[in-house]
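File shown: my_file-v9.cif. Contents: mmCIF, C-alpha atoms.
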data_entry
loop_
_atom_site.label_atom_id
_atom_site.label_comp_id
_atom_site.auth_asym_id
_atom_site.auth_seq_id
_atom_site.Cartn_x
_atom_site.Cartn_y
_atom_site.Cartn_z
CA MET A 1 244.85 104.53 187.67
CA LYS A 2 241.97 104.64 189.98
CA LEU A 3 239.79 107.71 189.80
CA VAL A 4 238.28 108.77 193.04
CA ASN A 5 235.16 110.85 193.37
CA LYS A 6 236.38 113.44 195.85
CA SER A 7 232.95 114.63 196.92
CA ARG A 8 231.96 111.14 198.07
CA LEU A 9 235.10 110.82 200.16
CA HIS A 10 234.30 113.83 202.27
CA ILE A 11 231.69 112.58 204.66
CA LEU A 12 231.37 114.71 207.73
CA VAL A 13 230.07 113.72 211.08
CA PHE A 14 229.36 116.57 213.45
CA VAL A 15 229.27 114.73 216.68
CA LEU A 16 229.31 117.57 219.09
CA PHE A 17 228.99 121.30 219.00
CA ILE A 18 230.12 123.20 222.01
CA LEU A 19 229.00 126.77 222.22
CA SER A 20 229.93 129.23 224.88
CA SER A 21 227.51 132.05 224.86
CA MET A 22 227.43 135.33 226.64
CA HIS A 23 224.24 135.89 228.50
CA VAL A 24 222.49 137.73 231.27
CA LYS A 25 222.91 136.64 234.84
CA ALA A 26 220.19 136.89 237.41
CA GLN A 27 221.80 139.50 239.69
CA GLU A 28 220.74 142.30 237.35
CA LEU A 29 217.00 141.58 237.61
CA TYR A 30 216.45 144.57 239.87
CA VAL A 31 213.28 144.88 241.89
CA SER A 32 212.92 148.68 242.21
CA SER A 33 214.33 149.77 238.86
CA GLU A 34 214.78 148.57 235.28
CA PRO A 35 218.17 147.41 234.05
CA ALA A 36 219.24 147.85 230.44
CA SER A 37 217.83 145.14 228.23
CA ILE A 38 217.53 141.88 230.09
CA MET A 39 214.62 140.04 228.54
CA PRO A 40 215.32 137.29 226.01
CA ALA A 41 213.94 138.25 222.60
CA ARG A 42 210.27 137.34 222.04
CA SER A 43 209.60 136.55 225.67
CA PHE A 44 206.63 137.56 227.81
CA LEU A 45 206.43 138.13 231.55
CA ILE A 46 203.47 138.59 233.86
CA GLN A 47 203.84 140.00 237.35
CA GLN A 48 201.36 140.23 240.19
CA GLY A 49 202.21 142.17 243.33
CA TYR A 50 200.96 143.77 246.49
CA SER A 51 202.43 146.92 248.01
CA LYS A 52 201.83 149.02 251.09
CA MET A 53 202.75 152.71 251.03
CA THR A 54 203.10 154.37 254.43
CA GLY A 55 204.21 157.68 255.91
CA LYS A 56 201.73 160.36 256.91
CA GLU A 57 199.09 158.51 254.88
CA HIS A 58 198.86 154.88 253.90
CA PHE A 59 197.64 153.09 250.78
CA ASP A 60 197.48 149.49 249.72
CA ASN A 61 197.94 148.59 246.08
CA ILE A 62 197.44 145.51 243.98
CA ASN A 63 199.85 145.76 241.05
CA THR A 64 199.68 143.86 237.77
CA LYS A 65 202.30 144.21 235.07
CA ILE A 66 202.98 142.54 231.74
CA GLU A 67 206.33 142.82 229.96
CA PHE A 68 207.21 141.77 226.45
CA SER A 69 210.31 141.94 224.32
CA PHE A 70 209.77 142.35 220.57
CA SER A 71 213.40 141.79 219.71
CA LYS A 72 216.69 141.58 221.55
CA LYS A 73 216.91 145.39 221.64
CA TRP A 74 213.35 146.52 222.19
CA MET A 75 211.01 145.79 225.08
CA ALA A 76 207.86 147.31 226.52
CA HIS A 77 205.62 146.89 229.49
CA LEU A 78 202.14 147.82 230.69
CA GLY A 79 201.24 148.11 234.36
CA THR A 80 198.35 149.06 236.56
CA ASN A 81 197.42 149.40 240.22
CA TYR A 82 193.76 149.66 239.23
CA LYS A 83 193.75 153.41 240.07
CA SER A 84 196.32 154.40 237.45
CA TRP A 85 198.13 152.69 234.57
CA GLU A 86 201.50 153.03 232.94
CA TRP A 87 203.34 152.09 229.78
CA TYR A 88 207.08 151.80 229.47
CA THR A 89 209.39 151.12 226.55
CA GLN A 90 213.11 150.62 226.33
CA TYR A 91 215.56 150.36 223.43
CA ARG A 92 219.06 149.00 223.86
CA PHE A 93 221.58 150.94 221.81
CA TYR A 94 224.85 149.51 223.08
CA SER A 95 225.99 146.10 224.17
CA LYS A 96 229.43 144.69 224.82
CA ASP A 97 229.50 141.08 225.93
CA ALA A 98 232.23 138.86 227.32
CA LEU A 99 231.91 135.57 229.14
CA TYR A 100 231.62 136.75 232.76
CA GLU A 101 230.88 140.43 232.25
CA HIS A 102 228.96 142.76 230.04
CA LEU A 103 227.99 146.39 229.58
CA ARG A 104 224.65 147.48 228.19
CA MET A 105 223.05 150.87 227.56
CA ALA A 106 219.45 151.65 226.78
CA PHE A 107 217.13 154.58 226.32
CA PHE A 108 213.68 154.50 227.93
CA LEU A 109 210.35 156.32 227.92
CA LYS A 110 207.62 155.99 230.50
CA SER A 111 204.18 157.45 230.98
CA ILE A 112 202.10 157.10 234.14
CA ASN A 113 198.44 157.99 233.71
CA SER A 114 196.40 158.69 236.78
CA ALA A 115 192.94 160.07 237.47
CA GLU A 116 194.43 161.63 240.59
CA THR A 117 196.83 164.54 240.99
CA ALA A 118 199.35 165.41 243.69
CA ILE A 119 199.55 169.07 242.85
CA TYR A 120 200.54 170.12 246.37
CA THR A 121 203.35 167.58 246.68
CA ASN A 122 206.71 169.18 245.94
CA ALA A 123 208.13 165.95 244.55
CA ILE A 124 207.17 164.05 241.41
CA LEU A 125 205.47 160.79 242.37
CA LEU A 126 206.02 157.67 240.31
CA ASP A 127 203.64 155.43 242.24
CA GLY A 128 200.39 156.20 240.42
CA GLN A 129 199.27 159.12 242.58
CA GLU A 130 199.68 161.52 239.63
CA SER A 131 200.37 161.57 235.89
CA VAL A 132 204.02 161.75 234.91
CA PHE A 133 206.33 161.52 231.90
CA HIS A 134 209.76 160.09 232.50
CA SER A 135 212.62 159.31 230.15
CA GLY A 136 216.31 158.65 230.41
CA ILE A 137 219.34 156.49 229.85
CA ILE A 138 220.29 153.29 231.67
CA VAL A 139 223.79 151.85 231.88
CA THR A 140 224.10 148.35 233.32
CA LYS A 141 227.38 146.60 234.05
CA LEU A 142 227.69 142.99 235.11
CA LYS A 143 230.92 141.49 236.40
CA HIS A 144 231.04 137.99 237.86
CA LYS A 145 228.51 137.83 240.72
CA TRP A 146 227.79 141.60 240.91
CA ALA A 147 225.71 143.82 238.67
CA GLY A 148 225.45 147.61 238.88
CA SER A 149 223.09 149.91 237.04
CA LEU A 150 222.78 153.66 236.75
CA SER A 151 219.75 155.43 235.36
CA VAL A 152 219.34 159.17 234.82
CA GLY A 153 216.80 161.35 233.07
CA PRO A 154 214.20 164.09 233.24
CA ILE A 155 210.82 163.64 234.83
CA ILE A 156 207.77 165.84 234.30
CA LYS A 157 204.78 166.22 236.58
CA ARG A 158 201.78 166.89 234.35
CA GLU A 159 199.95 169.03 236.93
CA SER A 160 201.97 171.12 239.33
CA LEU A 161 202.14 174.35 241.27
CA ALA A 162 204.08 177.09 239.47
CA GLU A 163 206.21 177.75 242.57
CA ASN A 164 207.49 174.13 242.68
CA GLY A 165 207.94 173.64 238.97
CA ALA A 166 206.95 170.65 236.90
CA VAL A 167 210.34 169.26 235.93
CA GLY A 168 213.08 167.45 237.78
CA MET A 169 215.84 164.91 237.43
CA GLN A 170 215.28 161.29 238.44
CA TYR A 171 218.19 158.96 239.02
CA SER A 172 218.83 155.53 240.44
CA PHE A 173 221.83 153.44 241.29
CA SER A 174 221.23 149.74 241.76
CA ASN A 175 223.45 146.92 242.96
CA GLY A 176 222.71 143.23 242.85
CA ILE A 177 224.69 140.26 244.02
CA LEU A 178 224.16 136.59 243.39
CA LEU A 179 224.16 134.79 246.75
CA TYR A 180 223.12 131.28 245.78
CA PRO A 181 223.87 128.88 244.16
CA LYS A 182 227.64 128.93 244.44
CA MET A 183 227.81 126.66 241.39
CA TYR A 184 225.04 126.44 238.81
CA ARG A 185 224.33 122.83 237.99
CA SER A 186 220.76 122.83 236.78
CA TYR A 187 217.86 125.10 235.88
CA GLY A 188 215.96 123.57 238.77
CA GLN A 189 218.23 125.17 241.38
CA THR A 190 216.73 128.08 243.32
CA ASN A 191 218.63 131.32 242.78
CA VAL A 192 218.85 133.91 245.56
CA ASN A 193 219.87 137.51 244.81
CA LEU A 194 220.30 140.47 247.15
CA TYR A 195 219.77 144.01 245.98
CA LEU A 196 220.54 147.46 247.32
CA GLU A 197 219.04 150.24 245.23
CA PHE A 198 219.16 154.01 245.63
CA ILE A 199 216.47 156.15 244.05
CA GLY A 200 216.75 159.91 244.00
CA GLN A 201 215.08 162.99 242.63
CA ARG A 202 215.79 166.69 242.47
CA LEU A 203 213.39 169.32 241.15
CA PHE A 204 215.01 171.80 238.75
CA SER A 205 213.38 174.58 240.77
CA GLY A 206 215.53 173.47 243.72
CA LYS A 207 212.43 173.35 245.89
CA ALA A 208 212.68 169.67 246.80
CA ASN A 209 214.86 166.58 246.62
CA TYR A 210 215.01 163.09 248.08
CA LEU A 211 217.23 160.04 248.20
CA ASP A 212 215.56 156.74 249.07
CA VAL A 213 217.13 153.33 249.56
CA ALA A 214 215.44 150.04 248.71
CA PRO A 215 217.03 146.80 249.88
CA ALA A 216 215.46 143.68 248.39
CA ILE A 217 215.74 139.91 248.24
CA GLN A 218 214.75 137.81 245.26
CA PHE A 219 214.22 134.08 244.73
CA ILE A 220 214.24 132.58 241.26
CA PHE A 221 212.58 129.17 240.82
CA ASN A 222 213.24 126.85 237.89
CA SER A 223 214.88 129.77 236.02
CA GLN A 224 211.45 131.17 235.13
CA ALA A 225 209.52 132.29 238.21
CA LYS A 226 210.59 135.06 240.60
CA LEU A 227 209.53 136.10 244.08
CA ASN A 228 210.59 139.66 245.00
CA LEU A 229 210.48 141.29 248.44
CA SER A 230 211.56 144.89 249.00
CA TYR A 231 211.30 147.75 251.43
CA ARG A 232 212.01 151.31 250.31
CA PHE A 233 212.52 154.22 252.73
CA PRO A 234 214.14 157.67 252.64
CA LEU A 235 217.72 158.48 253.56
CA VAL A 236 217.25 162.15 252.65
CA ASN A 237 213.74 163.57 252.40
CA ASN A 238 213.51 167.30 251.62
CA THR A 239 209.96 166.95 250.35
CA ASN A 240 206.41 167.03 251.71
CA ARG A 241 205.60 163.53 250.39
CA THR A 242 202.72 162.06 252.42
CA THR A 243 203.80 158.51 251.63
CA TYR A 244 207.51 157.73 251.58
CA ASN A 245 207.90 154.12 252.69
CA LEU A 246 207.03 151.26 250.37
CA ALA A 247 206.86 147.58 251.30
CA ALA A 248 206.29 145.36 248.27
CA ILE A 249 205.99 141.71 247.39
CA SER A 250 205.55 140.37 243.87
CA LEU A 251 205.57 137.15 241.92
CA ASP A 252 206.31 136.91 238.20
CA TYR A 253 206.64 134.30 235.50
CA LEU A 254 208.59 134.41 232.23
CA PHE A 255 207.40 132.66 229.07
CA PHE A 256 210.01 131.97 226.37
CA ASN A 257 209.36 132.08 222.60
CA ALA A 258 206.02 133.74 223.18
CA PHE A 259 205.99 135.62 219.84
CA PRO A 260 206.93 134.64 216.30
CA LYS A 261 210.05 136.19 214.78
CA LEU A 262 209.45 139.59 213.13
CA LYS A 263 210.64 139.34 209.51
CA MET B 264 216.81 132.71 233.25
CA CYS B 265 218.34 133.59 229.94
CA SER B 266 220.54 130.49 229.86
CA LYS B 267 217.29 128.54 229.88
CA ALA B 268 215.98 130.69 226.99
CA ILE B 269 219.02 129.68 224.90
CA PHE B 270 218.64 126.05 225.96
CA LYS B 271 215.00 126.01 224.82
CA SER B 272 215.85 127.77 221.55
CA LEU B 273 218.55 125.18 220.70
CA SER B 274 216.37 122.25 221.79
CA ARG B 275 213.67 123.33 219.31
CA LEU B 276 216.01 122.83 216.28
CA ASP B 277 214.62 119.86 214.34
CA PHE B 278 218.03 118.27 213.68
CA VAL B 279 219.14 118.38 217.34
CA SER B 280 218.46 115.27 219.43
CA GLU B 281 219.92 116.51 222.74
CA VAL B 282 221.30 119.66 224.36
CA LYS B 283 223.54 119.29 227.42
CA VAL B 284 224.21 122.53 229.25
CA ASP B 285 226.90 123.61 231.70
CA ILE B 286 225.22 126.69 233.16
CA GLU B 287 228.29 127.81 235.07
CA LYS B 288 230.49 127.80 231.93
CA SER B 289 227.70 128.98 229.60
CA SER B 290 228.37 126.04 227.30
CA TYR B 291 225.90 123.91 225.34
CA ILE B 292 226.76 120.54 223.81
CA LEU B 293 224.54 119.56 220.89
CA THR B 294 224.07 116.03 219.67
CA PHE B 295 222.49 115.56 216.24
CA LYS B 296 219.88 113.12 215.02
CA SER B 297 221.63 112.43 211.72
CA ARG B 298 225.00 113.20 210.16
CA ASP B 299 223.27 114.40 207.01
CA ARG B 300 221.30 117.28 208.45
CA VAL B 301 223.23 119.86 210.46
CA SER B 302 222.91 123.61 209.96
CA ILE B 303 225.52 125.99 211.38
CA GLU B 304 223.33 128.95 210.40
CA GLU B 305 220.29 127.65 212.27
CA ILE B 306 222.34 126.98 215.39
CA ARG B 307 223.78 130.47 215.18
CA GLU B 308 220.36 132.06 214.68
CA ALA B 309 218.86 130.11 217.58
CA VAL B 310 221.32 131.85 219.92
CA TYR B 311 221.46 135.32 218.30
CA ASP B 312 217.69 135.50 217.85
CA THR B 313 217.20 135.02 221.54
CA GLY B 314 219.32 138.11 222.05
CA PHE B 315 222.68 136.60 222.95
CA ALA B 316 226.04 135.99 221.31
CA ILE B 317 228.30 133.04 220.68
CA GLU B 318 231.82 133.27 221.97
CA THR B 319 233.12 129.97 220.61
CA MET B 320 231.64 127.32 218.35
CA GLN B 321 233.48 124.02 218.27
CA MET B 322 232.70 120.86 216.41
CA THR B 323 234.07 117.37 216.37
CA ALA B 324 234.26 115.92 212.90
CA ASN B 325 235.85 113.23 210.78
CA PHE B 326 238.01 114.93 208.16
CA PRO B 327 239.15 113.11 205.00
CA ASN B 328 242.77 114.25 205.20
CA THR B 329 245.41 113.53 207.82
CA LYS B 330 247.07 116.92 207.49
CA ALA B 331 245.65 120.45 207.78
CA VAL B 332 247.39 123.08 205.69
CA ASN B 333 246.72 126.79 206.19
CA GLU B 334 244.20 128.21 203.65
CA GLU B 335 243.45 124.75 202.22
CA LEU B 336 239.78 124.28 201.27
CA VAL B 337 237.82 121.38 202.77
CA SER B 338 234.27 120.53 201.67
CA LEU B 339 232.13 118.78 204.24
CA ASN B 340 228.36 118.31 204.48
CA GLY B 341 227.82 120.97 201.82
CA TYR B 342 229.93 123.51 203.71
CA GLN B 343 233.15 125.16 202.56
CA PHE B 344 235.81 125.30 205.27
CA LYS B 345 239.34 126.63 205.16
CA TRP B 346 242.05 126.08 207.73
CA LYS B 347 243.38 129.09 209.61
CA LEU B 348 246.58 127.70 211.13
CA ALA B 349 250.22 128.49 211.56
CA GLY B 350 251.84 125.96 209.22
CA VAL B 351 250.78 122.32 208.87
CA LYS B 352 249.15 120.18 211.59
CA ASN B 353 248.21 116.52 211.86
CA ILE B 354 244.48 115.92 211.98
CA ALA B 355 243.20 113.41 214.53
CA ASN B 356 240.21 111.14 213.83
CA PRO B 357 237.84 112.60 214.90
CA GLN B 358 239.21 116.10 215.35
CA LYS B 359 237.82 118.90 217.51
CA VAL B 360 237.98 122.26 215.71
CA SER B 361 236.73 125.81 216.31
CA ILE B 362 234.99 128.04 213.83
CA VAL B 363 236.86 131.33 214.07
CA ASN B 364 234.67 133.56 211.88
CA LYS B 365 233.54 136.68 213.73
CA GLU B 366 230.03 136.14 215.09
CA ILE B 367 230.02 132.81 213.25
CA GLN B 368 229.25 134.57 209.95
CA PRO B 369 230.84 133.03 206.82
CA THR B 370 233.33 135.11 204.83
CA ALA B 371 232.54 134.76 201.11
CA GLY B 372 230.66 131.59 201.94
CA VAL B 373 233.60 130.08 203.86
CA TYR B 374 233.98 129.11 207.52
CA TYR B 375 237.52 129.23 208.87
CA LEU B 376 238.71 126.55 211.27
CA ASN B 377 241.57 126.13 213.66
CA PHE B 378 242.56 123.77 216.49
#
Would it be possible to restate this file's structure as structure tokens?
Amino acid sequence: MKLVNKSRLHILVFVLFILSSMHVKAQELYVSSEPASIMPARSFLIQQGYSKMTGKEHFDNINTKIEFSFSKKWMAHLGTNYKSWEWYTQYRFYSKDALYEHLRMAFFLKSINSAETAIYTNAILLDGQESVFHSGIIVTKLKHKWAGSLSVGPIIKRESLAENGAVGMQYSFSNGILLYPKMYRSYGQTNVNLYLEFIGQRLFSGKANYLDVAPAIQFIFNSQAKLNLSYRFPLVNNTNRTTYNLAAISLDYLFFNAFPKLK
Amino acid sequence: MCSKAIFKSLSRLDFVSEVKVDIEKSSYILTFKSRDRVSIEEIREAVYDTGFAIETMQMTANFPNTKAVNEELVSLNGYQFKWKLAGVKNIANPQKVSIVNKEIQPTAGVYYLNF
């Protein structure tokens, strides 16, 4: 009788592993709003932009922003236009992934800190002209080549006139579609996305409200660099905002594995 | 952008010699440097740590037996596998199998396979 050592017989060769993974697609990288949870964990992004605000007055701004994700659920960013600065943080509390679609929900907090005030404006300005607190919920849905996102939450103007009130509701509805490429073959292919975003506000006092629209086009190079071009203007403007059009251009770059894993 | 994040995370594994990606299908084919060093856990963590999930993990392996029987234990490369099949199937050489454990987490130290 021949005895066989069973453990020596079982030699495994893993030749190939094929993984299909669910992941974010580019058409939810909105230009004028934040989607729920889109940065890879431990990544870092730097953005440099230029914007021109026009209306009854006009201002030019240089905008610098850095974004970092600590983990897959938690990200933060810091931004400045060199007249004001802001911090923002977001925590993803829900995620349901499938191969060509997903649904994500996140909670966010934002603080804009400005040396200026816009006490006589009967809208709450998020462009650095005054200090503001903003929080809310974001729900982002991606399906095939389209991604939609809804954001809603309270917004507080830190210095206001009693008659206008300090608090309102801020909301946005964003749509993105992937135009190009038709078939992804390599990371080197340029990606083109088109966006149509709606941004609205209503003061709880009822004294003012607006609904702006911001179409945008975005180019993604080598799956890491982005060029964003947008123009925002009002559809409904029941406010005395002195600047209400915004033309913006920005360039950003994403670094992967920028931070060690938090144990 | 995030497909590239996963690609870079998998490429950094020390036992992986090559990662081929099909961006459209979200699939990544890993080739290993040596048959002796392969870690399912490290592959899993490379994807989940980046913030994404694995839908399917398949592997092509040489199994010692020619038949797969449901719930039969197979030891390979230090791993414990059990078949999750309806009845008995003939095993090809090599054979492509899928790990069916939810989120590629072992159940009592065992990975379940089917094909």
(request) List the neighbours of stretch 367-369 of chain B out to 9 Å using all atoms listed in the file; skip same-chain residues closer than 4 positions along the sequence, and give me the result as a ChimeraX atom specification. (result) /B:303-304,307,317-320,362-363,373-375
(request) Taking (221.6, 127.1, 214.9) in the file's own coordinates, collect the residues within 12 Å, counting only C-alpha atoms, and hand them back as an NGL selection string. (result) (:A and (17-19)) or (:B and (269-279 or 291 or 293 or 295 or 300-313 or 316-317 or 320 or 367-368))
(request) Check every residue of chain B for an atom within 7 Å of chain A, counting all atoms listed in the file, and provide those that qualify as JSON, numbers by chain. (result) {"B": [264, 265, 266, 267, 268, 285, 286, 287, 289, 290, 291, 292, 293, 294, 295, 298, 312, 313, 314, 315, 316, 317, 318, 319, 320, 321, 322, 323, 324, 325, 326, 327, 338, 339, 340]}
(request) Pick out the closest residue to A:Ala76 from this set: A:Arg92, A:Arg232, A:Arg104, A:His58. Count all atoms listed in the file. (result) A:Arg92
(request) List the residues sitting within 6 Å of (228.6, 128.2, 202.6) in the file's frame, using only C-alpha atoms, as a list in words. (result) Tyr342, Gln343, Gly372 and Val373 of chain B
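Using all atoms listed in the file, the smallest distance between any of A:Glu28, A:Lys52, A:Ser69, A:Ala115 and A:His102 comes from A:Glu28.
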(message) Just to confirm, what's the straight-line distance from atom CA of A:His134 to atom CA of A:Leu178 in Å (one decimal)?
(response) 29.6 Å
(message) Would you pick out the contacts of A:Arg241 at 9 Å or less, using all atoms listed in the file, so that residues sharing its chain but fewer than 3 positions from it are not included, and give the list as a PyMOL selection string?
(response) chain A and resi 55-56+121-123+125+237-238+244
(request) Show which residues sit within 7 Å of A:Ile177, as a PyMOL selection string. Count only C-alpha atoms, and ignore same-chain residues fewer than 5 positions away. (result) chain A and resi 27+145-147+193-195
(request) Grab the atom CA of A:Ser230 to atom CA of A:Val167 distance for me, in Å with one decimal place. (result) 27.7 Å
(request) Tell me which residues the PyMOL selection byres ((chain A and resi 67) around 6) grabs here, as a PyMOL selection string. (result) chain A and resi 44-45+66+68+76-77
